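Next comes query-v3.txt, a file with compact mmCIF, C-alpha atoms and all ligand atoms.
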```
# COMPACT_ATOMS: atom_id res chain seq x y z
CA MET A 23 62.04 41.80 -12.55
CA LEU A 24 58.34 41.53 -13.29
CA LEU A 25 56.10 44.57 -12.93
CA ALA A 26 52.30 44.30 -12.96
CA ILE A 27 49.76 47.10 -12.76
CA LEU A 28 46.20 46.15 -11.87
CA GLU A 29 43.61 48.80 -12.72
CA GLY A 30 39.95 48.96 -11.75
CA MET A 31 39.99 47.30 -8.33
CA PRO A 32 37.47 49.04 -6.03
CA ALA A 33 38.61 50.53 -2.72
CA GLY A 34 38.27 48.69 0.57
CA VAL A 35 39.06 45.17 -0.65
CA PRO A 36 41.06 43.40 2.06
CA VAL A 37 44.24 41.94 0.57
CA ARG A 38 46.17 39.46 2.72
CA LEU A 39 49.76 39.80 1.57
CA ASP A 40 50.62 36.37 2.97
CA GLN A 41 47.85 34.92 0.78
CA VAL A 42 49.42 36.52 -2.32
CA ASP A 43 52.85 35.13 -1.40
CA LYS A 44 51.26 31.74 -0.67
CA LYS A 45 49.93 31.66 -4.26
CA LEU A 46 53.39 32.59 -5.57
CA ARG A 47 54.90 29.77 -3.51
CA GLN A 48 52.30 27.34 -4.83
CA ARG A 49 53.24 28.36 -8.40
CA GLN A 50 56.82 27.39 -7.64
CA GLY A 51 55.91 24.02 -6.12
CA GLY A 52 55.39 20.52 -7.38
CA PRO A 53 57.64 17.58 -8.17
CA GLY A 54 59.61 17.56 -11.42
CA ARG A 55 60.55 21.25 -11.31
CA GLY A 56 63.86 22.64 -12.55
CA GLY A 57 66.61 24.65 -10.87
CA ARG A 58 65.02 28.06 -11.42
CA GLN A 59 62.32 27.46 -8.78
CA ARG A 60 64.97 26.79 -6.15
CA ILE A 61 66.76 30.05 -6.95
CA GLU A 62 63.75 32.25 -7.06
CA GLN A 63 61.38 32.05 -4.03
CA ASP A 64 59.06 34.75 -5.30
CA ARG A 65 57.55 37.50 -3.20
CA ALA A 66 55.09 40.20 -4.26
CA GLU A 67 56.17 43.75 -3.43
CA PHE A 68 53.18 46.09 -3.50
CA VAL A 69 54.43 49.48 -4.61
CA GLY A 70 51.11 51.30 -4.96
CA GLY A 71 47.36 51.07 -4.53
CA LEU A 72 47.32 49.42 -1.12
CA ARG A 73 47.34 50.83 2.40
CA GLY A 74 47.16 48.85 5.61
CA GLY A 75 46.12 45.71 3.75
CA GLN A 76 43.24 47.35 1.84
CA THR A 77 42.94 48.54 -1.73
CA LEU A 78 42.57 52.29 -2.29
CA GLY A 79 40.76 52.30 -5.63
CA SER A 80 43.93 53.41 -7.41
CA PRO A 81 46.06 51.26 -9.74
CA ILE A 82 47.83 48.53 -7.80
CA GLY A 83 51.52 48.15 -8.60
CA ILE A 84 53.20 44.82 -7.91
CA ILE A 85 56.86 43.89 -8.40
CA VAL A 86 58.16 40.31 -8.38
CA ARG A 87 61.94 40.32 -8.47
CA ASN A 88 64.14 37.78 -10.24
CA ARG A 89 66.41 36.49 -7.53
CA ASP A 90 68.93 35.19 -10.05
CA TRP A 91 69.38 38.59 -11.69
CA PRO A 92 73.01 38.92 -10.41
CA ASN A 93 73.87 35.86 -12.54
CA TRP A 94 72.74 37.71 -15.66
CA GLN A 95 74.42 41.03 -15.13
CA GLY A 96 76.59 41.89 -18.12
CA VAL A 97 74.42 39.62 -20.29
CA LEU A 98 70.89 41.04 -20.18
CA GLY A 99 71.44 44.70 -19.17
CA ALA A 100 69.29 47.40 -20.80
CA GLY A 101 71.98 49.95 -21.69
CA ALA A 102 74.64 49.48 -24.38
CA ASP A 103 77.31 49.78 -21.69
CA GLU A 104 75.54 47.20 -19.49
CA VAL A 105 76.22 44.30 -21.86
CA ASP A 106 79.65 42.70 -22.00
CA ALA A 107 79.88 41.32 -25.56
CA GLU A 108 82.08 38.38 -24.58
CA LYS A 109 79.86 37.35 -21.65
CA ALA A 110 76.70 37.75 -23.75
CA GLU A 111 78.16 35.62 -26.56
CA ALA A 112 79.06 32.89 -24.07
CA LYS A 113 75.40 32.70 -23.01
CA ALA A 114 73.93 33.17 -26.51
CA LEU A 115 71.64 30.49 -27.97
CA TYR A 116 71.38 29.57 -31.63
CA ARG A 117 69.61 26.18 -31.62
CA PRO A 118 65.82 26.78 -31.38
CA ARG A 119 63.89 24.31 -29.22
CA PRO A 120 60.89 22.70 -30.99
CA GLY A 121 57.69 23.53 -29.11
CA HIS A 122 58.99 26.96 -28.03
CA ALA A 123 58.69 30.42 -29.56
CA ASP A 124 62.47 30.35 -30.24
CA LEU A 125 62.44 29.92 -34.05
CA ALA A 126 59.31 31.92 -34.92
CA GLY A 127 60.31 34.66 -32.47
CA ALA A 128 63.85 34.99 -33.84
CA LEU A 129 62.55 35.25 -37.41
CA LYS A 130 59.64 37.56 -36.56
CA TYR A 131 61.65 40.03 -34.45
CA ASP A 132 64.86 39.52 -36.42
CA ARG A 133 66.91 38.59 -33.34
CA ARG A 134 70.20 36.72 -33.60
CA ASP A 135 70.48 35.46 -30.01
CA LEU A 136 67.45 33.30 -29.16
CA ARG A 137 67.75 34.49 -25.58
CA ASP A 138 66.03 37.71 -26.72
CA VAL A 139 62.96 35.57 -27.47
CA LEU A 140 62.93 33.01 -24.73
CA GLU A 141 63.35 35.34 -21.78
CA ARG A 142 60.07 37.04 -22.69
CA ALA A 143 58.22 33.99 -24.05
CA SER A 144 59.05 32.04 -20.88
CA ALA A 145 56.33 31.20 -18.37
CA ARG A 146 58.34 33.17 -15.83
CA GLU A 147 55.87 36.01 -16.43
CA THR A 148 53.09 33.89 -14.94
CA ALA A 149 54.45 34.86 -11.50
CA ALA A 150 53.08 38.36 -12.21
CA ARG A 151 49.76 36.91 -13.37
CA VAL A 152 49.52 34.86 -10.18
CA ALA A 153 50.15 37.94 -8.00
CA VAL A 154 47.50 39.95 -9.89
CA GLY A 155 45.12 36.99 -9.82
CA ALA A 156 45.62 36.63 -6.06
CA VAL A 157 44.31 40.18 -5.58
CA CYS A 158 41.31 39.36 -7.81
CA LEU A 159 40.67 36.22 -5.76
CA GLU A 160 40.57 38.41 -2.63
CA LEU A 161 37.83 40.55 -4.22
CA LEU A 162 35.89 37.46 -5.25
CA ALA A 163 36.22 35.93 -1.78
CA ALA A 164 34.88 39.17 -0.28
CA VAL A 165 31.62 38.63 -2.19
CA GLY A 166 31.39 34.89 -1.65
CA VAL A 167 32.97 33.59 -4.87
CA ARG A 168 35.74 31.03 -4.45
CA VAL A 169 37.99 29.63 -7.13
CA LEU A 170 40.24 26.56 -7.17
CA GLY A 171 42.66 25.30 -9.81
CA HIS A 172 43.70 21.67 -9.41
CA VAL A 173 45.25 18.80 -11.34
CA VAL A 174 42.97 16.05 -12.65
CA ALA A 175 45.53 14.25 -14.84
CA LEU A 176 49.29 14.24 -15.18
CA GLY A 177 50.93 12.29 -17.99
CA PRO A 178 49.21 8.90 -18.14
CA VAL A 179 47.68 9.19 -14.63
CA ARG A 180 44.07 10.31 -14.32
CA ALA A 181 42.59 11.15 -10.90
CA THR A 182 39.31 9.67 -9.74
CA PRO A 183 36.83 12.54 -9.30
CA PRO A 184 35.99 13.37 -5.67
CA PRO A 185 32.81 11.66 -4.39
CA THR A 186 29.52 13.51 -5.00
CA GLY A 187 28.77 15.83 -2.14
CA THR A 188 32.42 16.68 -1.45
CA THR A 189 32.40 20.22 -0.15
CA PHE A 190 34.50 22.94 -1.71
CA ALA A 191 36.41 23.35 1.56
CA ALA A 192 37.23 19.61 1.64
CA LEU A 193 38.35 19.75 -1.99
CA ILE A 194 40.74 22.65 -1.31
CA GLU A 195 42.14 20.83 1.70
CA ALA A 196 42.79 17.66 -0.31
CA VAL A 197 44.35 19.63 -3.18
CA GLU A 198 46.65 21.62 -0.89
CA ALA A 199 47.74 18.43 0.89
CA SER A 200 49.06 17.07 -2.42
CA ASP A 201 52.29 18.44 -3.91
CA CYS A 202 50.78 17.55 -7.30
CA ARG A 203 47.69 19.65 -6.40
CA CYS A 204 45.56 16.56 -6.99
CA ALA A 205 42.72 15.71 -4.60
CA ASP A 206 43.13 11.95 -5.19
CA THR A 207 45.88 10.55 -2.91
CA ALA A 208 46.42 7.36 -4.91
CA ALA A 209 46.70 9.36 -8.13
CA THR A 210 49.22 11.70 -6.48
CA ALA A 211 51.45 8.70 -5.72
CA ALA A 212 51.07 7.42 -9.29
CA MET A 213 51.91 10.91 -10.62
CA HIS A 214 55.16 10.86 -8.64
CA GLU A 215 56.03 7.55 -10.24
CA ALA A 216 55.18 8.85 -13.73
CA ILE A 217 57.42 11.89 -13.14
CA ARG A 218 60.24 9.67 -11.89
CA GLU A 219 59.98 7.49 -15.01
CA ALA A 220 59.86 10.50 -17.33
CA THR A 221 62.93 11.97 -15.60
CA LEU A 222 64.86 8.71 -16.07
CA ALA A 223 63.84 8.69 -19.72
CA ARG A 224 65.02 12.34 -19.98
CA ASP A 225 61.54 13.22 -21.19
CA SER A 226 58.67 15.45 -20.00
CA LEU A 227 54.96 15.32 -19.14
CA GLY A 228 51.79 17.39 -19.57
CA GLY A 229 48.38 17.03 -17.99
CA LEU A 230 44.89 18.27 -17.39
CA ILE A 231 43.87 21.08 -15.03
CA GLU A 232 40.39 21.86 -13.74
CA VAL A 233 39.26 25.25 -12.49
CA LEU A 234 36.15 25.32 -10.34
CA ALA A 235 34.44 28.50 -9.12
CA VAL A 236 31.59 28.36 -6.60
CA GLY A 237 29.31 31.15 -5.45
CA VAL A 238 29.22 32.72 -8.92
CA PRO A 239 26.04 34.78 -9.36
CA VAL A 240 23.78 34.11 -12.34
CA GLY A 241 24.35 36.70 -15.07
CA LEU A 242 28.12 37.28 -15.41
CA GLY A 243 29.17 37.73 -19.04
CA SER A 244 26.69 38.26 -21.85
CA TYR A 245 25.29 36.79 -25.05
CA ALA A 246 24.63 40.34 -26.30
CA SER A 247 28.10 40.82 -27.81
CA SER A 248 30.38 37.95 -28.75
CA ASP A 249 33.41 39.38 -26.94
CA ARG A 250 31.48 39.58 -23.66
CA ARG A 251 30.76 35.84 -23.52
CA LEU A 252 32.10 34.45 -20.25
CA ASP A 253 33.05 31.08 -21.78
CA GLY A 254 35.02 32.77 -24.57
CA ARG A 255 36.79 35.06 -22.14
CA LEU A 256 37.72 32.23 -19.79
CA ALA A 257 38.91 30.12 -22.73
CA ALA A 258 41.05 32.97 -24.12
CA ALA A 259 42.59 33.65 -20.71
CA LEU A 260 43.35 29.99 -20.06
CA MET A 261 44.74 29.45 -23.58
CA SER A 262 46.98 32.47 -23.08
CA ILE A 263 48.96 30.50 -20.49
CA GLN A 264 52.10 29.00 -22.01
CA ALA A 265 51.74 25.35 -23.10
CA MET A 266 47.92 25.21 -22.90
CA LYS A 267 46.50 23.47 -25.96
CA ALA A 268 42.76 22.96 -25.30
CA VAL A 269 40.02 24.32 -23.08
CA GLU A 270 36.73 22.63 -22.19
CA VAL A 271 33.73 24.14 -20.47
CA GLY A 272 31.65 21.63 -18.45
CA ILE A 273 31.65 18.25 -20.19
CA GLY A 274 33.38 19.97 -23.14
CA ALA A 275 34.40 17.76 -26.06
CA GLU A 276 32.43 14.85 -24.59
CA ALA A 277 29.22 16.70 -25.56
CA ALA A 278 30.04 16.16 -29.24
CA ARG A 279 29.28 12.45 -29.01
CA LEU A 280 26.16 12.66 -26.82
CA ARG A 281 22.52 13.18 -27.74
CA GLY A 282 21.01 16.48 -26.70
CA SER A 283 18.92 14.85 -23.99
CA ALA A 284 22.10 13.65 -22.27
CA ALA A 285 24.17 16.77 -22.84
CA HIS A 286 22.15 19.50 -21.13
CA ASP A 287 20.99 20.32 -17.62
CA GLU A 288 17.29 20.32 -16.80
CA ILE A 289 15.85 23.28 -14.94
CA VAL A 290 14.01 22.48 -11.72
CA VAL A 291 12.29 24.82 -9.31
CA ASP A 292 13.36 24.47 -5.71
CA THR A 293 10.33 25.13 -3.57
CA GLU A 294 12.21 24.44 -0.33
CA GLY A 295 14.56 27.36 -0.95
CA SER A 296 17.64 25.25 -0.21
CA ALA A 297 20.86 25.89 -2.11
CA LEU A 298 22.90 23.38 -4.07
CA ALA A 299 25.65 21.66 -2.09
CA ALA A 300 28.53 23.25 -3.97
CA ASN A 301 27.18 26.75 -3.60
CA GLU A 302 25.84 26.25 -0.09
CA GLU A 303 28.93 27.21 1.82
CA ALA A 304 29.79 30.26 -0.25
CA ALA A 305 29.44 33.11 2.19
CA GLY A 306 28.91 36.73 1.24
CA SER A 307 26.35 39.11 -0.10
CA PHE A 308 25.14 36.87 -2.91
CA GLY A 309 26.43 33.36 -2.46
CA GLY A 310 25.84 32.30 -6.05
CA GLY A 311 22.85 30.55 -7.52
CA ALA A 312 19.93 31.54 -9.72
CA GLY A 313 17.25 32.19 -7.12
CA ARG A 314 14.89 29.24 -6.88
CA TYR A 315 16.04 27.71 -10.17
CA ARG A 316 18.34 24.72 -9.83
CA ARG A 317 20.07 22.13 -12.05
CA PRO A 318 20.31 18.50 -11.00
CA THR A 319 23.43 18.23 -13.23
CA ASN A 320 26.12 20.70 -14.32
CA ARG A 321 27.16 19.51 -17.77
CA ALA A 322 27.25 23.09 -19.03
CA GLY A 323 29.92 23.96 -16.47
CA GLY A 324 27.83 26.81 -15.09
CA ILE A 325 27.70 28.81 -18.34
CA GLU A 326 24.90 28.93 -20.94
CA GLY A 327 24.82 31.40 -23.83
CA GLY A 328 28.04 32.93 -22.57
CA VAL A 329 26.36 33.85 -19.26
CA SER A 330 26.92 32.28 -15.83
CA ASN A 331 23.76 30.37 -14.87
CA GLY A 332 24.23 30.20 -11.11
CA GLU A 333 25.81 26.75 -11.02
CA PRO A 334 29.51 26.32 -10.20
CA VAL A 335 31.69 27.40 -13.14
CA LEU A 336 33.79 24.46 -14.31
CA VAL A 337 36.49 24.64 -16.96
CA ARG A 338 39.33 22.31 -17.88
CA VAL A 339 42.54 23.09 -19.69
CA ALA A 340 45.02 20.66 -21.26
CA MET A 341 48.75 21.35 -20.94
CA LYS A 342 51.22 19.86 -23.40
CA PRO A 343 54.43 18.19 -22.16
CA ILE A 344 57.27 20.61 -21.42
CA PRO A 345 59.12 21.23 -24.71
CA THR A 346 62.68 21.65 -23.38
CA LEU A 347 64.02 18.10 -23.31
CA LEU A 348 67.13 16.58 -21.76
CA LYS A 349 67.02 14.26 -24.78
CA PRO A 350 66.56 17.04 -27.33
CA LEU A 351 64.65 16.79 -30.60
CA ARG A 352 66.25 17.66 -33.92
CA SER A 353 66.74 21.32 -34.71
CA ALA A 354 69.18 23.52 -36.62
CA ASP A 355 72.01 25.88 -35.74
CA MET A 356 70.70 29.22 -36.98
CA ARG A 357 74.23 30.50 -37.69
CA THR A 358 75.19 27.66 -40.02
CA GLY A 359 71.93 25.87 -40.95
CA GLU A 360 73.49 22.62 -39.72
CA VAL A 361 70.94 20.08 -38.47
CA ILE A 362 71.77 19.47 -34.83
CA ALA A 363 70.07 18.66 -31.50
CA ALA A 364 67.99 21.49 -29.98
CA GLY A 365 69.50 23.55 -27.20
CA TYR A 366 68.84 22.90 -23.53
CA GLU A 367 68.07 25.50 -20.86
CA ARG A 368 67.34 24.52 -17.26
CA SER A 369 63.82 23.22 -17.31
CA ASP A 370 61.01 21.42 -15.54
CA ILE A 371 60.10 17.80 -16.34
CA THR A 372 56.51 18.82 -15.68
CA SER A 373 54.84 22.04 -14.53
CA VAL A 374 51.20 20.94 -14.43
CA PRO A 375 50.71 21.50 -10.66
CA ALA A 376 52.26 24.98 -10.97
CA ALA A 377 50.17 25.74 -14.04
CA SER A 378 47.01 24.88 -12.07
CA VAL A 379 47.83 27.84 -9.81
CA VAL A 380 48.27 30.05 -12.88
CA ALA A 381 44.96 28.79 -14.31
CA GLU A 382 43.23 29.60 -11.02
CA ALA A 383 44.72 33.11 -11.11
CA VAL A 384 43.75 33.94 -14.69
CA ALA A 385 40.23 32.56 -14.17
CA GLY A 386 40.04 34.71 -11.03
CA PHE A 387 41.03 37.75 -13.09
CA VAL A 388 38.31 37.10 -15.70
CA LEU A 389 35.62 36.41 -13.10
CA ALA A 390 36.56 39.53 -11.11
CA GLN A 391 36.43 41.61 -14.29
CA ALA A 392 33.01 40.19 -15.22
CA LEU A 393 31.76 40.73 -11.67
CA LEU A 394 32.84 44.37 -11.68
CA GLU A 395 31.26 44.95 -15.09
CA LYS A 396 27.92 43.97 -13.63
CA PHE A 397 28.15 45.16 -10.03
CA GLY A 398 31.08 47.59 -10.23
CA GLY A 399 31.44 50.46 -7.81
CA ASP A 400 34.22 52.55 -6.36
CA SER A 401 34.26 50.67 -3.08
CA LEU A 402 33.67 47.12 -1.93
CA GLY A 403 30.64 48.39 0.02
CA GLU A 404 29.11 49.72 -3.18
CA VAL A 405 29.78 46.46 -5.03
CA ARG A 406 28.15 44.54 -2.18
CA ARG A 407 25.09 46.81 -2.23
CA ASN A 408 24.75 46.37 -5.97
CA LEU A 409 25.01 42.60 -5.56
CA ALA A 410 22.47 42.57 -2.72
CA GLY A 411 19.97 44.59 -4.81
CA TYR A 412 20.41 42.17 -7.70
CA ALA A 413 20.07 39.16 -5.38
CA ALA A 414 16.72 40.53 -4.24
CA GLN A 415 15.65 40.98 -7.88
CA VAL A 416 16.66 37.39 -8.75
CA ALA A 417 14.96 36.02 -5.62
CA GLY A 418 11.70 37.64 -6.73
CA ARG A 419 11.56 35.72 -10.03
C1 LIG A 501 54.01 27.30 -15.00
C2 LIG A 501 54.72 26.91 -16.27
C3 LIG A 501 56.04 26.49 -16.23
C4 LIG A 501 56.71 26.13 -17.40
N1 LIG A 501 57.99 25.68 -17.30
C5 LIG A 501 58.65 25.33 -18.43
C6 LIG A 501 59.99 24.84 -18.36
O1 LIG A 501 60.60 24.74 -17.29
N2 LIG A 501 60.58 24.49 -19.53
C7 LIG A 501 59.97 24.58 -20.73
O2 LIG A 501 60.55 24.24 -21.74
N3 LIG A 501 58.69 25.02 -20.82
C8 LIG A 501 58.02 25.40 -19.71
N4 LIG A 501 56.73 25.83 -19.80
C9 LIG A 501 56.05 25.83 -21.11
C10 LIG A 501 56.59 26.86 -22.07
O3 LIG A 501 56.62 28.14 -21.47
C11 LIG A 501 55.75 26.90 -23.36
O4 LIG A 501 55.55 25.61 -23.83
C12 LIG A 501 56.47 27.72 -24.42
O5 LIG A 501 56.55 29.07 -23.98
C13 LIG A 501 55.79 27.68 -25.80
O6 LIG A 501 54.49 28.14 -25.75
P1 LIG A 501 53.26 27.22 -26.25
O7 LIG A 501 53.51 25.88 -25.63
O8 LIG A 501 52.06 27.89 -25.67
O9 LIG A 501 53.28 27.17 -27.71
C14 LIG A 501 56.03 26.21 -18.64
C15 LIG A 501 54.71 26.64 -18.68
C16 LIG A 501 54.05 26.99 -17.51
C17 LIG A 501 52.62 27.45 -17.58
```
Produce structure tokens that represent the structure in this file.
Ligand SMILES: Cc1cc2nc3c(=O)[nH]c(=O)nc-3n(C[C@H](O)[C@H](O)[C@H](O)COP(=O)(O)O)c2cc1C
Amino acid sequence: MLLAILEGMPAGVPVRLDQVDKKLRQRQGGPGRGGRQRIEQDRAEFVGGLRGGQTLGSPIGIIVRNRDWPNWQGVLGAGADEVDAEKAEAKALYRPRPGHADLAGALKYDRRDLRDVLERASARETAARVAVGAVCLELLAAVGVRVLGHVVALGPVRATPPPTGTTFAALIEAVEASDCRCADTAATAAMHEAIREATLARDSLGGLIEVLAVGVPVGLGSYASSDRRLDGRLAAALMSIQAMKAVEVGIGAEAARLRGSAAHDEIVVDTEGSALAANEEAAGSFGGGAGRYRRPTNRAGGIEGGVSNGEPVLVRVAMKPIPTLLKPLRSADMRTGEVIAAGYERSDITSVPAASVVAEAVAGFVLAQALLEKFGGDSLGEVRRNLAGYAAQVAGR
């Protein structure tokens, strides 16, 4: 069972429970997934902080149950009398899998059975993060900020970016129509083929995820203290997801090989008062942007000096291939020291589409936190008034 407690959410935020469960379902989707996803079919049970589909301003308690718990009774019970030694030994693991926390965790916490490590280190906990993130996304949507996590590369397949001018709504529609959560239909087909080939080769695949947030007001995060920087906070949150190995903001690593004149975004003044396409459709009290200041490009990914600059926030995160392999790498039996193939636990061939839902959720959490730091109030109405006052201030500059 997973238990999450979300503190600090203002009262009056509408939370659509079916939306939260939809996110949990999306986290379980995608081709190349292992048996666990079929067993589990997650649902979020709200056990506090919500009444009639609205937040109350109190901590929000969410439970996501493990549907396969009955299979583990007598093995993983909490009490001394809840573990049957024979059953537990039959399920015990002693061959650490390279690329997992198994070896370091067993040595660090002095555990004999690697199961003590892998049950907690597993990405299973991301179901809780998705449920919490889904509530944060509801707050953001209520003030006109929308967030999308999608797949831009899987294994060797790289998607063609959507044509310029593609609306956020059209992008979401294309992403949700693809079981790989990739807006490019041809790339989705090629991803299926890559997964099929990796499965035949008893191997695994990683990929690249993009998170896009539109309607983000100028001024979230701060340069004033290093730990308040929005880019650093997004990067830390995204890197905290299992298997993520690199984060880029905007053009990211590409900037290292460009000249300054090609790496930054010029500031132009929009005398017509029209909004940028991507931010245009964001409804709500602010709707994003930086008043009359616009950028013809968004190489910075909507963040300069650790502060959102009114352009869409754009971050990318690279996921390594799944480390549990049907054709295992070399490892050692920790009881005997004998060099032997690593253990195998039921596993995905790839989890990149699912991880894009997790990335969306954790980015939603960080953005909601940064939003509340700046515009926080006890109720959604108060947050909206604070935002509206700030929007008027920005519009006057
Ligand atoms: C949504 C998601 C699903 C995952 N599924 C698996 C899996 O089925 N098998 C596996 O070996 N690793 C899986 N991983 C990756 C491991 O959890 C991760 O590689 C491992 O915990 C080691 O952490 P590190 O890669 O960050 O060092 C998954 C990760 C995510 C985000």
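For the atom pair formed by atom CA of Arg317 of chain A and atom CA of Pro334 of chain A, the distance is 10.5 Å, given to one decimal.
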Go through the chains and note each residue within 10 Å of ligand LIG 501 (chain A), using all atoms listed in the file, then give the set as a tab-separated table (two decimals) with C-alpha atoms, in the coordinates of the input.
```tsv
chain	number	residue	atom	x	y	z
A	49	ARG	CA	53.24	28.36	-8.40
A	50	GLN	CA	56.82	27.39	-7.64
A	51	GLY	CA	55.91	24.02	-6.12
A	54	GLY	CA	59.61	17.56	-11.42
A	55	ARG	CA	60.55	21.25	-11.31
A	56	GLY	CA	63.86	22.64	-12.55
A	57	GLY	CA	66.61	24.65	-10.87
A	58	ARG	CA	65.02	28.06	-11.42
A	59	GLN	CA	62.32	27.46	-8.78
A	119	ARG	CA	63.89	24.31	-29.22
A	120	PRO	CA	60.89	22.70	-30.99
A	121	GLY	CA	57.69	23.53	-29.11
A	122	HIS	CA	58.99	26.96	-28.03
A	123	ALA	CA	58.69	30.42	-29.56
A	124	ASP	CA	62.47	30.35	-30.24
A	139	VAL	CA	62.96	35.57	-27.47
A	140	LEU	CA	62.93	33.01	-24.73
A	141	GLU	CA	63.35	35.34	-21.78
A	142	ARG	CA	60.07	37.04	-22.69
A	143	ALA	CA	58.22	33.99	-24.05
A	144	SER	CA	59.05	32.04	-20.88
A	145	ALA	CA	56.33	31.20	-18.37
A	146	ARG	CA	58.34	33.17	-15.83
A	147	GLU	CA	55.87	36.01	-16.43
A	148	THR	CA	53.09	33.89	-14.94
A	149	ALA	CA	54.45	34.86	-11.50
A	226	SER	CA	58.67	15.45	-20.00
A	228	GLY	CA	51.79	17.39	-19.57
A	260	LEU	CA	43.35	29.99	-20.06
A	261	MET	CA	44.74	29.45	-23.58
A	262	SER	CA	46.98	32.47	-23.08
A	263	ILE	CA	48.96	30.50	-20.49
A	264	GLN	CA	52.10	29.00	-22.01
A	265	ALA	CA	51.74	25.35	-23.10
A	266	MET	CA	47.92	25.21	-22.90
A	267	LYS	CA	46.50	23.47	-25.96
A	341	MET	CA	48.75	21.35	-20.94
A	342	LYS	CA	51.22	19.86	-23.40
A	343	PRO	CA	54.43	18.19	-22.16
A	344	ILE	CA	57.27	20.61	-21.42
A	345	PRO	CA	59.12	21.23	-24.71
A	346	THR	CA	62.68	21.65	-23.38
A	347	LEU	CA	64.02	18.10	-23.31
A	366	TYR	CA	68.84	22.90	-23.53
A	367	GLU	CA	68.07	25.50	-20.86
A	368	ARG	CA	67.34	24.52	-17.26
A	369	SER	CA	63.82	23.22	-17.31
A	370	ASP	CA	61.01	21.42	-15.54
A	371	ILE	CA	60.10	17.80	-16.34
A	372	THR	CA	56.51	18.82	-15.68
A	373	SER	CA	54.84	22.04	-14.53
A	374	VAL	CA	51.20	20.94	-14.43
A	375	PRO	CA	50.71	21.50	-10.66
A	376	ALA	CA	52.26	24.98	-10.97
A	377	ALA	CA	50.17	25.74	-14.04
A	378	SER	CA	47.01	24.88	-12.07
A	379	VAL	CA	47.83	27.84	-9.81
A	380	VAL	CA	48.27	30.05	-12.88
A	381	ALA	CA	44.96	28.79	-14.31
```
Hey, what's within 10 Å of Arg255 of chain A if we count all atoms listed in the file and toss same-chain stuff fewer than 3 positions away? As a CSV table (one decimal) with C-alpha atoms, in the coordinates of the input, please?
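Writing the result to out_25.csv gives the following:
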```
chain,number,residue,atom,x,y,z
A,243,GLY,CA,29.2,37.7,-19.0
A,248,SER,CA,30.4,38.0,-28.8
A,249,ASP,CA,33.4,39.4,-26.9
A,250,ARG,CA,31.5,39.6,-23.7
A,251,ARG,CA,30.8,35.8,-23.5
A,252,LEU,CA,32.1,34.4,-20.2
A,258,ALA,CA,41.0,33.0,-24.1
A,259,ALA,CA,42.6,33.6,-20.7
A,260,LEU,CA,43.4,30.0,-20.1
A,261,MET,CA,44.7,29.4,-23.6
A,328,GLY,CA,28.0,32.9,-22.6
A,385,ALA,CA,40.2,32.6,-14.2
A,388,VAL,CA,38.3,37.1,-15.7
A,389,LEU,CA,35.6,36.4,-13.1
A,392,ALA,CA,33.0,40.2,-15.2
```
d(atom CA of Met23 of chain A, atom CA of Glu104 of chain A) in Å
16.1 Å
Between A:Ala175, A:Val290, A:Val238, A:Leu170, which has the minimum distance to Glu195 of chain A (counting all atoms listed in the file)?
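For Glu195 of chain A, the nearest of the candidates is A:Leu170.
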Which is closest to Thr210 of chain A among A:Gly52, A:Pro81, A:Ile325, A:Val169, if we use all atoms listed in the file?
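The closest residue to Thr210 of chain A is A:Gly52.
When all atoms listed in the file are used to measure the gap to Lys45 of chain A, the shortest distance among A:Gly155, A:Gly403, A:Gly177, A:Gly74 belongs to A:Gly155.
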What is the distance between atom CA of Val291 of chain A and atom CA of Val337 of chain A, in Å to one decimal?
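Distance between the two atoms: 25.4 Å.
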Give me the residues near segment 109-113 of chain A as a short mmCIF file (atom, residue, chain, number, x, y, z; two decimals) with C-alpha atoms, keeping the file's coordinate frame, where near means some atom within 12 Å (using all atoms listed in the file) and where sequence neighbours in that chain fewer than 5 positions away do not count.
```cif
data_model
loop_
_atom_site.label_atom_id
_atom_site.label_comp_id
_atom_site.auth_asym_id
_atom_site.auth_seq_id
_atom_site.Cartn_x
_atom_site.Cartn_y
_atom_site.Cartn_z
CA ASN A 93 73.87 35.86 -12.54
CA TRP A 94 72.74 37.71 -15.66
CA GLN A 95 74.42 41.03 -15.13
CA GLY A 96 76.59 41.89 -18.12
CA VAL A 97 74.42 39.62 -20.29
CA LEU A 98 70.89 41.04 -20.18
CA GLY A 99 71.44 44.70 -19.17
CA ALA A 102 74.64 49.48 -24.38
CA GLU A 104 75.54 47.20 -19.49
CA ARG A 134 70.20 36.72 -33.60
CA ASP A 135 70.48 35.46 -30.01
CA LEU A 136 67.45 33.30 -29.16
CA ARG A 137 67.75 34.49 -25.58
CA ASP A 138 66.03 37.71 -26.72
CA GLY A 365 69.50 23.55 -27.20
CA TYR A 366 68.84 22.90 -23.53
CA GLU A 367 68.07 25.50 -20.86
#
```
